[in-house]
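**Student:** The structure is given below, and queries will be raised subsequently.
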Amino acid sequence: MSIMSAQRMGLRCLSLDPAADSPASQIANSVPGDLTDSDKVAEIFRQCEFITLENEFIPSEIITSAMKEAGRDESCLTPGAPTLGMIQDKLVQRECYERAGVPSPRAVEAHLGSEMLGFPHVLKARFGGYDGKGTRTVKTQAGSDALRETWESAPWLAEGFVPFQRELAVMVCRSRTETWCFPTMETVQTNHVCDLVFPSGIDASEVALRAVEAVQGFGLFGVELFETATGEIIVNEIAPRPHNSGHFSLDWGGVSQFEQHVRLTLGLPLSRIVGQECCMANLLGIGEPGSFEQGIRAAVDSVPHCQVHWYGKSEAKVGRKVGHINVAGRDCVALAQRARNAFWEGFRLG
Ligand SMILES: Nc1ncnc2c1ncn2[C@@H]1O[C@H](COP(=O)(O)OP(=O)(O)O)[C@@H](O)[C@H]1O
Ligand SMILES: [Mg+2]
């Protein structure tokens, strides 16, 4: 989706892509290769004037060494490698918030969790977690012991459990000269996977921006937040890239997170952020055969102004993000869910 925005601005794109038939490779040139292959990363640095990321899985050390190997300096990369390094290790990320006085759960190495935090607490993989893979809540010592093999076999952290009322997210755009935030959205996760995103009715951008500043971040960031029953805003984590909670902006009538991402990467002025109320419902794979064409037809029959995005992933594993539906305007939350239900009914029939 970032590539599509870049292409609309007349740019040519090249991606590093583990699979030859991935969504990115379908629409632009790609270097096939593993995300941890330093030579392949260096190839991107050699061929491209500006470089950015759409996930946080290339270790920052590999990025730094590849950049050097290609004879490039930091100025071509957004966000910068030091910021990526601070975000990629969830324990270091927490330490950055603590140092900067940004509200966030207390975190320690996993083996200290029971003693220092008590129960319940949350165990997390320090590196590479996403969509809840690498997040476990433990309520008792027995629960912690049952997971011992997991948290001893790799670097894990333990952090305080936050009894949140709801989860929020803010997309922050920060360049050296200007900062803008998209509206604060409420996000609903099902089985740790983002399911529904809609306007929260509050503005949590101040805390979100402080989190980005705590990791010296410049670029586009998705800041995930908890709101407690007393209205306190606590930082969960930062994604240094476009984020699921910003997908609504493709169809809200204003600038999208992807266009802002491209602008930040190229050092172009940002667009002002204004648009309509909009709700996004994720399409999570159902692990059954079906027809996305029939799904799209059924969704549009049900809610004529819905916008269906189907990513063209080669596999639609259960629970995997395979597309999303946006509905802007009045009653968007109910209508987006109605369109999604219609989509899956049509998909199955097809
Ligand atoms: N400290 C916490 N307290 C309560 N729930 C949490 C905590 N940390 C994470 N969660 C829940 O687990 C989900 C996934 O955790 P997160 O740290 O965001 O990992 P991921 O990288 O998989 O998104 C969160 O969206 C939230 O629902
Ligand atoms: Mg998360």
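Every chain in the structure tokens takes a letter, A first, then B, and so on in the order presented; its residues are numbered from 1, and the ligands are numbered from 1 following the presented order.
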Which residues sit within 8 Å of ligand 2, counting only C-alpha atoms and all ligand atoms, listed as JSON, numbers by chain?

**Tutor:** {"A": [130, 131, 132, 224, 236, 237, 238, 239]}

**Student:** Any chance you could tabulate, as a tab-separated table, the residues of chain A at most 9 Å from ligand 1 with each one's nearest atom pair and distance in Å to one decimal, using only C-alpha atoms and all ligand atoms, in chain and rising number order?

**Tutor:**
residue	atom	partner	partner_atom_place_in_ligand_line	distance
A:Lys90	CA	ligand 1	17 (O)	8.3
A:Ser104	CA	ligand 1	1 (N)	8.4
A:Pro105	CA	ligand 1	1 (N)	6.0
A:Arg106	CA	ligand 1	1 (N)	8.5
A:Ala107	CA	ligand 1	1 (N)	8.8
A:Pro120	CA	ligand 1	3 (N)	9.0
A:His121	CA	ligand 1	1 (N)	7.0
A:Val122	CA	ligand 1	1 (N)	5.5
A:Leu123	CA	ligand 1	8 (N)	8.2
A:Lys124	CA	ligand 1	17 (O)	7.0
A:Ala125	CA	ligand 1	19 (O)	8.7
A:Gly128	CA	ligand 1	21 (O)	7.6
A:Gly129	CA	ligand 1	21 (O)	4.6
A:Tyr130	CA	ligand 1	22 (O)	3.4
A:Asp131	CA	ligand 1	22 (O)	3.8
A:Gly132	CA	ligand 1	22 (O)	3.2
A:Lys133	CA	ligand 1	22 (O)	5.3
A:Gly134	CA	ligand 1	22 (O)	6.3
A:Thr135	CA	ligand 1	15 (O)	5.7
A:Arg136	CA	ligand 1	12 (O)	7.7
A:Thr137	CA	ligand 1	5 (N)	7.5
A:Ala158	CA	ligand 1	1 (N)	8.6
A:Glu159	CA	ligand 1	1 (N)	5.7
A:Gly160	CA	ligand 1	1 (N)	5.2
A:Phe161	CA	ligand 1	3 (N)	3.7
A:Val162	CA	ligand 1	3 (N)	3.8
A:Pro163	CA	ligand 1	4 (C)	6.0
A:Phe164	CA	ligand 1	4 (C)	6.7
A:Arg166	CA	ligand 1	27 (O)	8.8
A:Glu167	CA	ligand 1	25 (O)	7.1
A:Thr187	CA	ligand 1	25 (O)	8.5
A:Val188	CA	ligand 1	27 (O)	8.1
A:Gln189	CA	ligand 1	27 (O)	6.1
A:Thr190	CA	ligand 1	27 (O)	8.3
A:Asn191	CA	ligand 1	27 (O)	8.3
A:His192	CA	ligand 1	13 (C)	4.8
A:Val193	CA	ligand 1	25 (O)	7.3
A:Cys194	CA	ligand 1	25 (O)	7.5
A:Glu224	CA	ligand 1	18 (O)	7.0
A:Leu225	CA	ligand 1	25 (O)	8.5
A:Phe226	CA	ligand 1	26 (C)	8.1
A:Asn236	CA	ligand 1	17 (O)	6.2
A:Glu237	CA	ligand 1	18 (O)	6.1
A:Ile238	CA	ligand 1	18 (O)	8.5
A:Ala239	CA	ligand 1	21 (O)	8.4

**Student:** What is the CA of Asp89 in chain A-CA of Val207 in chain A distance in Å, reported with one decimal?

**Tutor:**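 Value for the CA of Asp89 in chain A-CA of Val207 in chain A distance: 20.5 Å.
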
**Student:** At what distance in Å, to one decimal, does CA of Gly323 in chain A lie from CA of Phe218 in chain A?

**Tutor:**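 It comes out at 28.1 Å.
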
**Student:** Excluding same-chain residues fewer than 3 positions from range 6-9 of chain A, what lies within 8 Å of it counting only C-alpha atoms, as a PyMOL selection string?

**Tutor:** chain A and resi 2-3+12-13+259+262

**Student:** Counting only C-alpha atoms, which residue out of A:Trp310, A:Val102, A:Ile296, A:Ala316 sits closest to Ala339 in chain A?

**Tutor:** A:Ile296

**Student:** Could you write out, as a PyMOL selection string, all the residues of range 11-239 of chain A that DSSP marks as helix (DSSP H, G or I)?

**Tutor:** chain A and resi 23-27+38-47+60-69+74-76+81-88+90-100+110-117+141-146+148-153+205-214
